[in-house]
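These notes are about the structure you will find just below.
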Amino acid sequence: MSANFYYGIEVFLNGMMAGVLYSLVALGFVLIFKASGIFNYAQGVMALFAALTLVGFQNGQIPFSHLINAIFGTNIHHFGWHMPAILAIIFTLMVMVLFAYLVEKFVLKHLVNQEPIILFMATIGLAYFMEGFGDLMWGADIKKLDVGIPQGGNIWLEEKTAFLGGPDFYGFYLDNLDMWATVCAGLLVVSLVLFSQYTKTGRALRAVADDHQAALSVGISLRAIWVIVWSIAGFVALVAGIMWGSKSGVQFSLSLIALKALPVLMLGGFTSIPGAIVGGLIIGVGEKMFEFLIGVPFLGGATENWFAYMLALLFLVFRPQGLFGEKIIERV
Amino acid sequence: MLYREAGDFKTTYAKDQQTFPIAFDRWGYRLTLAFAVLVVPFILNDYWTNAVVLPFLIYAIAAIGLNILTGYCGQVSLGSGGFMAVGAYAAYKLMTGFPDLNIVFVILLSGGITALVGMLFGLPSLRIKGFYLAVATLAAQFFLVWLFNKVPWFYNYSASGQISAPERSLFGFAVTGANAHPATSYLFCLGFVFVLAWAARNLTRGANGRKWMAIRDMDIAAEIIGVDPLKAKLTAFGVSSFYIGIAGALLFAVYLGAAEVGEAFGIEKSFLILFMVIIGGLGSIFGSFAGAAFMILMPVLLKNIMVGQMGWPTDLASHFQFVIVGGLIIIFLIVEPHGLAQLWRLAKEKLRLWPFPH
């Protein structure tokens, strides 16, 4: 076997793991879309906000210090302590739950029964708001996030696989972080499935997803469910934020991963959790392989920006509801 | 008793069907137009033209375009930025390829080319609906931006990858390039805005517009009563892209002068135009203008207040701007989901009954 073939496999594996990261973001979308029919554009910014908050807590930054300095002419920035990662994560989770509650109270409650496009626009507004708010609160500089996940290439794997491809091949290069992310995503999905299948709250969630009015009529509080769903989405956003933040630093571009998750959603269907995972894998592998096989040799590279969308677009022409989406039934 | 239709007798069908049935509206419209043509060019200075007036006019065209597609035909599109890029690059290629071609034709032809591209990307809309379509139009956005970045032919192999508009003039006055006077650029854009808005208003209340609205309200029902969805959707995509392409061409040639595709026509532009349409009001030409004015004026105003008056650092001000824009969008959607146009409509209803509302 030639070295190129093994590099192909390496690209494939890396694509799988990138796909898992996409799925992580897509998962948050699906959860909210299922439970409330809202297409939550702010999911990516939620990941950014969660990561910012986590870093802020860890480093003991004073919230809104820039703003306070600008208004009162003071010069404060840090509390001067470092929080252990686990404690910071718990605090961040609390912030995300609070955020979910506030979103329900100030936005969603007032937009019940509006058209989906209006709700979608509201979440774009929310995304803008949070982007500015996060920067105001913690500052806009690029931050390093370290919660103790090992990073860099996995040397053991590289050495053990080097014999496969002859003298030109140095073994599979896989990032430790990506592998951790894969494990975390797997755990997250399993626990979400268990939660929604075997707990009372989970059953209520599924009922709301099925039919809002029927759920209301058997005594399920829609508002409580929404808070729970947005909290879970906040939790998923935190996990995604940790993974992406450790990988490339906590910065504005983190919020753009939401855009990456959209083709995943289209491919998998907006309403299906397995769809988000499978769609993520297909997109991740597809775009890496396309870049490797066609993009770099023939098209000048950087095809990753649009390939996922084109793939999803072509796919949808043949199956408009995505892979696992509910069949669209139209009645007059 | 200013705002009344009582006593305003219509004696012909043409009068009965006119756009502004109330005399007060008619005069308001004529006065605004006269003011815009006869007074504004003489009081404009560089700052106002570049910060407010030109972007307002150009984005108003884009907003009308998107409103035709989203507001009238019900197809949500997030690809406007990409289509504006098509208009801009078409204008650039036409201007450099055919130096003798009149600038008006250049702009119109760029619109035509964009219309063709828009129809191509509109084809999937026959199968894909709702949010799936919105996300599918993102494919257009990212693909087109990538294309203009990667294929050197589009930017004439220039080293920087930028495109810049050569000087072209109309009736002896420079309208593009560095020597263009603010007033001529303004009048040039105003001409396009007037003609296109007039055309859009009449298009949307004619047969085509009714077909679009039928498709928007329920496409299956529309199909049953004899509206061809293929034709209706593709014409909506075509006309909408024509408008957006013209806006892109004007933005590049008249306003920016030089542009780099990822920066000038990125995804933020698509969202900006969508905001204009939603805040202005879906399915309303007036709303497109109102939305464009709102989204252009507000950041300028906020920046002036925070940086100019309160002396904050600019990065802090720009974060605040995000917070305020986002907050305002949410508040707007909660208070009046049908946009500024609906507020205007309500105000007119009130005015008709005033001062005896019962």
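FYI, nothing fancy with the structure tokens labels: chains A, B, ... in order, residues from 1 per chain, ligands from 1 as they appear.
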
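Contacts from chain A to chain B at a cut-off of 7 Å (only C-alpha atoms) map to Ala70, His110, Leu111, Ile118, Ala122, Gly125, Leu126, Tyr128, Phe129, Met130, Glu131, Gly132, Phe133, Asp135, Leu136, Leu262, Met266, Gly300, Asn305, Trp306, Tyr309, Met310, Leu313, Leu316, Val317, Pro320 and Val332 of chain A.
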
Please save N, CA and C atoms of the selected residues as a PDB file, in the first residue's frame.
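The new file out.pdb reads:
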ATOM      1  N   ALA A  70     -14.089  52.383  31.883  1.00  0.00           N
ATOM      2  CA  ALA A  70     -14.396  53.494  30.973  1.00  0.00           C
ATOM      3  C   ALA A  70     -15.291  54.521  31.646  1.00  0.00           C
ATOM      4  N   HIS A 110     -42.766  36.051  25.155  1.00  0.00           N
ATOM      5  CA  HIS A 110     -43.491  37.082  24.421  1.00  0.00           C
ATOM      6  C   HIS A 110     -43.668  36.740  22.951  1.00  0.00           C
ATOM      7  N   LEU A 111     -43.047  35.666  22.524  1.00  0.00           N
ATOM      8  CA  LEU A 111     -43.089  35.358  21.096  1.00  0.00           C
ATOM      9  C   LEU A 111     -43.842  34.065  20.809  1.00  0.00           C
ATOM     10  N   ILE A 118     -40.060  34.640  12.390  1.00  0.00           N
ATOM     11  CA  ILE A 118     -39.913  35.691  13.395  1.00  0.00           C
ATOM     12  C   ILE A 118     -39.068  35.175  14.564  1.00  0.00           C
ATOM     13  N   ALA A 122     -35.520  36.435  15.921  1.00  0.00           N
ATOM     14  CA  ALA A 122     -35.284  36.785  17.326  1.00  0.00           C
ATOM     15  C   ALA A 122     -34.011  36.121  17.833  1.00  0.00           C
ATOM     16  N   GLY A 125     -31.151  38.060  16.650  1.00  0.00           N
ATOM     17  CA  GLY A 125     -31.001  39.219  17.522  1.00  0.00           C
ATOM     18  C   GLY A 125     -30.316  38.827  18.826  1.00  0.00           C
ATOM     19  N   LEU A 126     -30.737  37.681  19.353  1.00  0.00           N
ATOM     20  CA  LEU A 126     -30.142  37.171  20.589  1.00  0.00           C
ATOM     21  C   LEU A 126     -28.655  36.901  20.396  1.00  0.00           C
ATOM     22  N   TYR A 128     -26.621  38.397  18.297  1.00  0.00           N
ATOM     23  CA  TYR A 128     -25.923  39.680  18.292  1.00  0.00           C
ATOM     24  C   TYR A 128     -25.768  40.189  19.715  1.00  0.00           C
ATOM     25  N   PHE A 129     -26.860  40.112  20.457  1.00  0.00           N
ATOM     26  CA  PHE A 129     -26.865  40.627  21.822  1.00  0.00           C
ATOM     27  C   PHE A 129     -25.792  39.933  22.649  1.00  0.00           C
ATOM     28  N   MET A 130     -25.778  38.588  22.581  1.00  0.00           N
ATOM     29  CA  MET A 130     -24.840  37.838  23.417  1.00  0.00           C
ATOM     30  C   MET A 130     -23.402  38.041  23.002  1.00  0.00           C
ATOM     31  N   GLU A 131     -23.207  38.218  21.694  1.00  0.00           N
ATOM     32  CA  GLU A 131     -21.860  38.441  21.209  1.00  0.00           C
ATOM     33  C   GLU A 131     -21.299  39.720  21.829  1.00  0.00           C
ATOM     34  N   GLY A 132     -22.126  40.794  21.756  1.00  0.00           N
ATOM     35  CA  GLY A 132     -21.696  42.060  22.344  1.00  0.00           C
ATOM     36  C   GLY A 132     -21.573  41.949  23.855  1.00  0.00           C
ATOM     37  N   PHE A 133     -22.539  41.256  24.466  1.00  0.00           N
ATOM     38  CA  PHE A 133     -22.587  41.141  25.910  1.00  0.00           C
ATOM     39  C   PHE A 133     -21.381  40.362  26.434  1.00  0.00           C
ATOM     40  N   ASP A 135     -18.494  40.030  25.004  1.00  0.00           N
ATOM     41  CA  ASP A 135     -17.285  40.842  24.861  1.00  0.00           C
ATOM     42  C   ASP A 135     -17.226  41.941  25.906  1.00  0.00           C
ATOM     43  N   LEU A 136     -18.388  42.551  26.185  1.00  0.00           N
ATOM     44  CA  LEU A 136     -18.438  43.589  27.211  1.00  0.00           C
ATOM     45  C   LEU A 136     -18.045  43.028  28.554  1.00  0.00           C
ATOM     46  N   LEU A 262     -24.974  24.065  10.443  1.00  0.00           N
ATOM     47  CA  LEU A 262     -26.217  24.125   9.669  1.00  0.00           C
ATOM     48  C   LEU A 262     -26.315  23.046   8.586  1.00  0.00           C
ATOM     49  N   MET A 266     -29.125  20.071   8.089  1.00  0.00           N
ATOM     50  CA  MET A 266     -29.911  19.828   6.887  1.00  0.00           C
ATOM     51  C   MET A 266     -29.790  18.386   6.456  1.00  0.00           C
ATOM     52  N   GLY A 300      -7.549  24.600  -5.871  1.00  0.00           N
ATOM     53  CA  GLY A 300      -6.854  25.672  -5.162  1.00  0.00           C
ATOM     54  C   GLY A 300      -7.172  25.755  -3.679  1.00  0.00           C
ATOM     55  N   ASN A 305     -15.007  25.666   3.096  1.00  0.00           N
ATOM     56  CA  ASN A 305     -15.988  26.713   3.383  1.00  0.00           C
ATOM     57  C   ASN A 305     -17.362  26.414   2.803  1.00  0.00           C
ATOM     58  N   TRP A 306     -17.377  25.834   1.635  1.00  0.00           N
ATOM     59  CA  TRP A 306     -18.685  25.702   0.985  1.00  0.00           C
ATOM     60  C   TRP A 306     -19.082  24.269   0.689  1.00  0.00           C
ATOM     61  N   TYR A 309     -22.129  22.814   2.435  1.00  0.00           N
ATOM     62  CA  TYR A 309     -23.416  23.370   2.017  1.00  0.00           C
ATOM     63  C   TYR A 309     -23.869  22.787   0.692  1.00  0.00           C
ATOM     64  N   MET A 310     -22.913  22.674  -0.228  1.00  0.00           N
ATOM     65  CA  MET A 310     -23.266  22.138  -1.540  1.00  0.00           C
ATOM     66  C   MET A 310     -23.730  20.689  -1.415  1.00  0.00           C
ATOM     67  N   LEU A 313     -27.103  20.719  -0.008  1.00  0.00           N
ATOM     68  CA  LEU A 313     -28.050  21.221  -0.998  1.00  0.00           C
ATOM     69  C   LEU A 313     -28.424  20.139  -1.996  1.00  0.00           C
ATOM     70  N   LEU A 316     -30.498  17.443  -0.365  1.00  0.00           N
ATOM     71  CA  LEU A 316     -31.877  17.823  -0.055  1.00  0.00           C
ATOM     72  C   LEU A 316     -32.771  17.790  -1.275  1.00  0.00           C
ATOM     73  N   VAL A 317     -32.187  18.032  -2.447  1.00  0.00           N
ATOM     74  CA  VAL A 317     -33.005  18.004  -3.653  1.00  0.00           C
ATOM     75  C   VAL A 317     -33.643  16.628  -3.801  1.00  0.00           C
ATOM     76  N   PRO A 320     -35.963  15.987   0.698  1.00  0.00           N
ATOM     77  CA  PRO A 320     -36.131  17.335   1.276  1.00  0.00           C
ATOM     78  C   PRO A 320     -36.176  17.370   2.795  1.00  0.00           C
ATOM     79  N   VAL A 332     -53.652  20.900   2.240  1.00  0.00           N
ATOM     80  CA  VAL A 332     -54.171  22.222   1.901  1.00  0.00           C
ATOM     81  C   VAL A 332     -55.175  22.645   2.971  1.00  0.00           C
TER      82      VAL A 332
END

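Computed from the coordinates, the CA of Phe289 in chain B to CA of Gly28 in chain B distance equals 15.4 Å.
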
### Message
With only C-alpha atoms as the counted atoms, please give the residues lying no more than 12 Å from Val97 in chain A, apart from itself and same-chain residues fewer than 6 positions off, as a VMD selection string.
### Response
chain A and resid 46 50 90 to 91 103 to 104 224 226 to 238

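Here the strand (DSSP E or B) residues in range 125-351 of chain B, by DSSP on the backbone, are B:Ile163, B:Ser164, B:Ser169, B:Leu170, B:Phe173, B:Ala174, B:Ala258, B:Ala259.
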
Saved selection, atoms kept: N, CA and C atoms, as a PDB file, in the first residue's frame:
ATOM      1  N   ILE B 163     -10.808  44.324  -6.174  1.00  0.00           N
ATOM      2  CA  ILE B 163     -11.269  44.932  -7.406  1.00  0.00           C
ATOM      3  C   ILE B 163     -11.475  46.411  -7.119  1.00  0.00           C
ATOM      4  N   SER B 164     -11.148  47.274  -8.093  1.00  0.00           N
ATOM      5  CA  SER B 164     -11.397  48.691  -7.865  1.00  0.00           C
ATOM      6  C   SER B 164     -12.032  49.286  -9.117  1.00  0.00           C
ATOM      7  N   SER B 169     -18.201  58.227 -16.374  1.00  0.00           N
ATOM      8  CA  SER B 169     -19.033  59.399 -16.158  1.00  0.00           C
ATOM      9  C   SER B 169     -20.335  59.297 -16.945  1.00  0.00           C
ATOM     10  N   LEU B 170     -21.272  60.081 -16.500  1.00  0.00           N
ATOM     11  CA  LEU B 170     -22.583  60.119 -17.138  1.00  0.00           C
ATOM     12  C   LEU B 170     -22.896  61.587 -17.406  1.00  0.00           C
ATOM     13  N   PHE B 173     -20.449  64.090 -16.029  1.00  0.00           N
ATOM     14  CA  PHE B 173     -20.137  64.123 -14.592  1.00  0.00           C
ATOM     15  C   PHE B 173     -19.614  62.766 -14.165  1.00  0.00           C
ATOM     16  N   ALA B 174     -18.507  62.755 -13.427  1.00  0.00           N
ATOM     17  CA  ALA B 174     -17.980  61.485 -12.946  1.00  0.00           C
ATOM     18  C   ALA B 174     -18.921  60.903 -11.889  1.00  0.00           C
ATOM     19  N   ALA B 258     -13.526  50.346  -4.138  1.00  0.00           N
ATOM     20  CA  ALA B 258     -12.666  49.156  -4.191  1.00  0.00           C
ATOM     21  C   ALA B 258     -13.207  48.168  -3.175  1.00  0.00           C
ATOM     22  N   ALA B 259     -13.111  46.882  -3.509  1.00  0.00           N
ATOM     23  CA  ALA B 259     -13.727  45.911  -2.606  1.00  0.00           C
ATOM     24  C   ALA B 259     -12.943  44.617  -2.607  1.00  0.00           C
TER      25      ALA B 259
END

### Task
Give the answer as one residue: which of A:Met289, A:Ala312, A:Ile32, A:Met179 has the shortest atom-to-atom distance to Val11 in chain A, using only C-alpha atoms?
A:Met289

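Proximity to Gly241 in chain A was assessed for A:Val25, A:Val30, A:Leu259, A:Leu48 counting only C-alpha atoms; the smallest distance is recorded for A:Leu48.
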
As a PDB file with N, CA and C atoms, in the first residue's frame, please: the residues near Gln17 in chain B (cut-off 12 Å, only C-alpha atoms, same-chain neighbours under 4 positions excluded).
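Final output, saved to part25.pdb:
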ATOM      1  N   LYS B  10     -63.148  59.578  -7.411  1.00  0.00           N
ATOM      2  CA  LYS B  10     -62.404  58.981  -8.515  1.00  0.00           C
ATOM      3  C   LYS B  10     -63.332  58.877  -9.712  1.00  0.00           C
ATOM      4  N   THR B  11     -62.927  59.407 -10.855  1.00  0.00           N
ATOM      5  CA  THR B  11     -63.798  59.384 -12.033  1.00  0.00           C
ATOM      6  C   THR B  11     -63.310  58.424 -13.106  1.00  0.00           C
ATOM      7  N   THR B  12     -62.069  57.904 -12.959  1.00  0.00           N
ATOM      8  CA  THR B  12     -61.613  56.920 -13.946  1.00  0.00           C
ATOM      9  C   THR B  12     -61.068  55.699 -13.209  1.00  0.00           C
ATOM     10  N   TYR B  13     -60.942  54.579 -13.940  1.00  0.00           N
ATOM     11  CA  TYR B  13     -60.400  53.366 -13.331  1.00  0.00           C
ATOM     12  C   TYR B  13     -58.952  53.565 -12.915  1.00  0.00           C
ATOM     13  N   PRO B  21     -54.065  56.291  -2.916  1.00  0.00           N
ATOM     14  CA  PRO B  21     -55.449  56.719  -3.148  1.00  0.00           C
ATOM     15  C   PRO B  21     -55.818  57.988  -2.376  1.00  0.00           C
ATOM     16  N   ILE B  22     -55.039  58.347  -1.380  1.00  0.00           N
ATOM     17  CA  ILE B  22     -55.403  59.505  -0.573  1.00  0.00           C
ATOM     18  C   ILE B  22     -54.549  60.698  -0.984  1.00  0.00           C
ATOM     19  N   ASN B 202     -45.200  48.355  -8.658  1.00  0.00           N
ATOM     20  CA  ASN B 202     -46.183  47.983  -9.667  1.00  0.00           C
ATOM     21  C   ASN B 202     -46.132  46.507 -10.017  1.00  0.00           C
ATOM     22  N   ARG B 205     -48.075  44.502  -7.319  1.00  0.00           N
ATOM     23  CA  ARG B 205     -49.544  44.521  -7.272  1.00  0.00           C
ATOM     24  C   ARG B 205     -50.152  44.029  -8.575  1.00  0.00           C
ATOM     25  N   GLY B 206     -49.306  43.624  -9.527  1.00  0.00           N
ATOM     26  CA  GLY B 206     -49.821  43.072 -10.769  1.00  0.00           C
ATOM     27  C   GLY B 206     -49.972  41.561 -10.685  1.00  0.00           C
TER      28      GLY B 206
END

Residues of range 62-115 of chain B classed as helix (DSSP H, G or I) by DSSP on the backbone are to be reported as a compact mmCIF listing (two decimals) with C-alpha atoms, in the first residue's frame.
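The file below, result.txt, is the result:
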# COMPACT_ATOMS: atom_id res chain seq x y z
CA ALA B 62 -31.13 45.37 -1.81
CA ALA B 63 -33.88 45.33 0.81
CA ILE B 64 -36.57 45.74 -1.85
CA GLY B 65 -34.97 42.85 -3.70
CA LEU B 66 -34.94 40.56 -0.70
CA ASN B 67 -38.42 41.70 0.24
CA ILE B 68 -39.70 40.56 -3.15
CA LEU B 69 -38.28 37.11 -2.51
CA THR B 70 -38.94 36.74 1.21
CA GLY B 71 -41.81 39.11 1.88
CA TYR B 72 -43.85 38.59 -1.27
CA SER B 80 -27.98 38.13 -0.48
CA GLY B 81 -24.34 38.90 0.28
CA GLY B 82 -23.21 36.40 -2.32
CA PHE B 83 -25.60 37.79 -4.92
CA MET B 84 -24.38 41.31 -4.20
CA ALA B 85 -20.88 40.01 -4.85
CA VAL B 86 -22.04 38.65 -8.21
CA GLY B 87 -23.39 42.11 -9.10
CA ALA B 88 -20.18 43.80 -8.02
CA TYR B 89 -17.88 41.43 -9.89
CA ALA B 90 -20.08 41.51 -12.98
CA ALA B 91 -19.91 45.31 -12.93
CA TYR B 92 -16.14 45.15 -12.52
CA LYS B 93 -15.66 42.72 -15.39
CA LEU B 94 -17.98 44.74 -17.65
CA MET B 95 -16.31 48.03 -16.78
CA THR B 96 -12.82 46.72 -17.43
CA GLY B 97 -13.76 44.51 -20.39
CA ILE B 103 -22.25 53.00 -16.76
CA VAL B 104 -26.04 52.72 -16.62
CA PHE B 105 -25.95 49.70 -18.90
CA VAL B 106 -23.09 48.24 -16.90
CA ILE B 107 -25.17 48.40 -13.75
CA LEU B 108 -28.28 47.03 -15.45
CA LEU B 109 -26.34 44.20 -17.10
CA SER B 110 -24.74 43.26 -13.78
CA GLY B 111 -28.25 43.05 -12.39
CA GLY B 112 -29.21 40.79 -15.31
CA ILE B 113 -26.23 38.48 -14.73
CA THR B 114 -27.05 38.27 -11.04
CA ALA B 115 -30.64 37.42 -11.95

### Query
Could you name the residues that touch Val20 in chain A at 12 Å or less, counting only C-alpha atoms, but leaving out those on the same chain fewer than 4 positions away, as number ranges by chain?
A: 13-16, 24-27, 177-189, 240, 243-244, 260-261, 264, 274, 276-285

Please write the residues from the selection above to a file, keeping C-alpha atoms, as an mmCIF file, in the first residue's frame.
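To be explicit, this is the file written out as selection-v3.cif:
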data_model
loop_
_atom_site.group_PDB
_atom_site.id
_atom_site.type_symbol
_atom_site.label_atom_id
_atom_site.label_comp_id
_atom_site.auth_asym_id
_atom_site.auth_seq_id
_atom_site.Cartn_x
_atom_site.Cartn_y
_atom_site.Cartn_z
ATOM 1 C CA LEU A 13 -10.149 9.615 10.645
ATOM 2 C CA ASN A 14 -9.526 13.322 11.189
ATOM 3 C CA GLY A 15 -12.681 14.051 9.236
ATOM 4 C CA MET A 16 -14.609 11.708 11.515
ATOM 5 C CA LEU A 24 -21.804 18.601 19.144
ATOM 6 C CA VAL A 25 -23.012 21.977 17.936
ATOM 7 C CA ALA A 26 -25.749 20.507 15.780
ATOM 8 C CA LEU A 27 -27.040 18.600 18.799
ATOM 9 C CA LEU A 177 -7.987 16.640 21.967
ATOM 10 C CA ASP A 178 -10.010 15.396 19.026
ATOM 11 C CA MET A 179 -10.092 11.918 20.493
ATOM 12 C CA TRP A 180 -11.232 13.287 23.812
ATOM 13 C CA ALA A 181 -13.898 15.281 22.044
ATOM 14 C CA THR A 182 -15.104 12.150 20.332
ATOM 15 C CA VAL A 183 -15.370 10.331 23.641
ATOM 16 C CA CYS A 184 -17.157 13.285 25.256
ATOM 17 C CA ALA A 185 -19.591 13.613 22.389
ATOM 18 C CA GLY A 186 -20.343 9.912 22.573
ATOM 19 C CA LEU A 187 -20.984 10.120 26.314
ATOM 20 C CA LEU A 188 -23.108 13.214 25.835
ATOM 21 C CA VAL A 189 -25.287 11.572 23.230
ATOM 22 C CA ALA A 240 -18.731 22.373 22.421
ATOM 23 C CA MET A 243 -13.639 21.475 22.909
ATOM 24 C CA TRP A 244 -13.405 24.177 20.242
ATOM 25 C CA LYS A 260 -20.769 24.857 10.168
ATOM 26 C CA ALA A 261 -23.466 23.016 12.034
ATOM 27 C CA VAL A 264 -25.066 18.992 9.317
ATOM 28 C CA PRO A 274 -29.055 10.421 15.555
ATOM 29 C CA ALA A 276 -27.169 15.215 13.934
ATOM 30 C CA ILE A 277 -24.471 12.638 14.721
ATOM 31 C CA VAL A 278 -24.569 10.825 11.376
ATOM 32 C CA GLY A 279 -24.871 14.114 9.474
ATOM 33 C CA GLY A 280 -21.885 15.493 11.354
ATOM 34 C CA LEU A 281 -19.786 12.456 10.481
ATOM 35 C CA ILE A 282 -20.768 12.598 6.809
ATOM 36 C CA ILE A 283 -20.016 16.311 6.583
ATOM 37 C CA GLY A 284 -16.766 16.039 8.509
ATOM 38 C CA VAL A 285 -15.445 13.112 6.469
#

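Minimum distance to Glu349 in chain B across B:Lys211, B:Arg4, B:His181, B:Lys231 (counting only C-alpha atoms) occurs at B:Arg4.
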
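Computed from the coordinates, the CA of Met83 in chain A to CA of Leu102 in chain A distance equals 25.8 Å.
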
Need to verify the contact set: range 52-61 of chain A, 9 Å, only C-alpha atoms, exclusion of same-chain residues closer than 5 positions in sequence. Can you return it as a PDB file with C-alpha atoms, in the first residue's frame?
ATOM      1  CA  ALA A  47     -20.815  28.124  22.869  1.00  0.00           C
ATOM      2  CA  HIS A  77      -9.162  43.753  35.825  1.00  0.00           C
ATOM      3  CA  HIS A  78      -8.653  40.648  37.956  1.00  0.00           C
ATOM      4  CA  PHE A  79      -9.753  39.356  41.340  1.00  0.00           C
ATOM      5  CA  GLY A  80      -6.370  37.742  41.611  1.00  0.00           C
ATOM      6  CA  TRP A  81      -7.305  34.096  42.111  1.00  0.00           C
ATOM      7  CA  HIS A  82      -7.390  31.019  39.944  1.00  0.00           C
ATOM      8  CA  MET A  83     -10.341  28.716  40.098  1.00  0.00           C
ATOM      9  CA  PRO A  84      -9.954  24.963  39.548  1.00  0.00           C
ATOM     10  CA  ALA A  85     -11.420  23.864  36.211  1.00  0.00           C
ATOM     11  CA  LEU A  87     -15.464  24.500  39.913  1.00  0.00           C
ATOM     12  CA  ALA A  88     -15.380  26.942  37.018  1.00  0.00           C
ATOM     13  CA  ILE A  89     -17.347  24.513  34.874  1.00  0.00           C
ATOM     14  CA  PHE A  91     -20.280  27.974  37.888  1.00  0.00           C
ATOM     15  CA  THR A  92     -20.485  28.367  34.112  1.00  0.00           C
ATOM     16  CA  LEU A  93     -23.256  25.803  34.017  1.00  0.00           C
ATOM     17  CA  VAL A  95     -24.685  30.919  34.398  1.00  0.00           C
ATOM     18  CA  GLY A 134     -19.918  38.448  26.165  1.00  0.00           C
ATOM     19  CA  ASP A 135     -17.285  40.842  24.861  1.00  0.00           C
ATOM     20  CA  MET A 137     -18.354  41.209  30.137  1.00  0.00           C
ATOM     21  CA  TRP A 138     -15.020  39.504  29.525  1.00  0.00           C
ATOM     22  CA  GLY A 139     -13.191  41.546  26.884  1.00  0.00           C
ATOM     23  CA  LYS A 143      -8.042  33.768  25.368  1.00  0.00           C
ATOM     24  CA  LYS A 144      -6.423  30.456  26.043  1.00  0.00           C
ATOM     25  CA  LEU A 145      -8.683  27.822  27.466  1.00  0.00           C
ATOM     26  CA  ASP A 146      -7.134  24.938  29.387  1.00  0.00           C
ATOM     27  CA  VAL A 147      -9.262  22.607  31.452  1.00  0.00           C
ATOM     28  CA  LEU A 238     -20.482  24.566  27.050  1.00  0.00           C
ATOM     29  CA  GLY A 241     -17.170  25.615  23.659  1.00  0.00           C
ATOM     30  CA  ILE A 242     -14.627  23.738  25.783  1.00  0.00           C
ATOM     31  CA  GLY A 245     -11.951  26.688  22.684  1.00  0.00           C
ATOM     32  CA  VAL A 250     -11.603  31.408  22.750  1.00  0.00           C
ATOM     33  CA  GLN A 251     -12.324  34.112  20.200  1.00  0.00           C
TER      34      GLN A 251
END

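Of the listed residues (A:Phe64, A:Phe324, A:Phe106, A:Phe292), A:Phe324 comes nearest to Leu265 in chain A; the distances count only C-alpha atoms.
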
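Residues lying within 10 Å of Ser253 in chain A, counting only C-alpha atoms and ignoring same-chain neighbours fewer than 2 positions away, are Gly44, Val45, Leu48, Ile142, Ser248, Gly249, Val250, Gln251, Ser255, Leu256, Ile257 and Ala258 of chain A.
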
Restricting it to C-alpha atoms, dump the selection as a PDB file, in the first residue's frame.
ATOM      1  CA  GLY A  44     -22.797  29.047  18.227  1.00  0.00           C
ATOM      2  CA  VAL A  45     -22.674  32.270  20.214  1.00  0.00           C
ATOM      3  CA  LEU A  48     -18.628  31.217  22.628  1.00  0.00           C
ATOM      4  CA  ILE A 142      -8.234  35.933  22.270  1.00  0.00           C
ATOM      5  CA  SER A 248      -8.233  27.132  18.694  1.00  0.00           C
ATOM      6  CA  GLY A 249      -8.505  29.596  21.573  1.00  0.00           C
ATOM      7  CA  VAL A 250     -11.603  31.408  22.750  1.00  0.00           C
ATOM      8  CA  GLN A 251     -12.324  34.112  20.200  1.00  0.00           C
ATOM      9  CA  SER A 255     -19.420  31.633  17.149  1.00  0.00           C
ATOM     10  CA  LEU A 256     -19.089  30.821  13.455  1.00  0.00           C
ATOM     11  CA  ILE A 257     -19.130  27.090  14.171  1.00  0.00           C
ATOM     12  CA  ALA A 258     -22.890  27.530  14.251  1.00  0.00           C
TER      13      ALA A 258
END
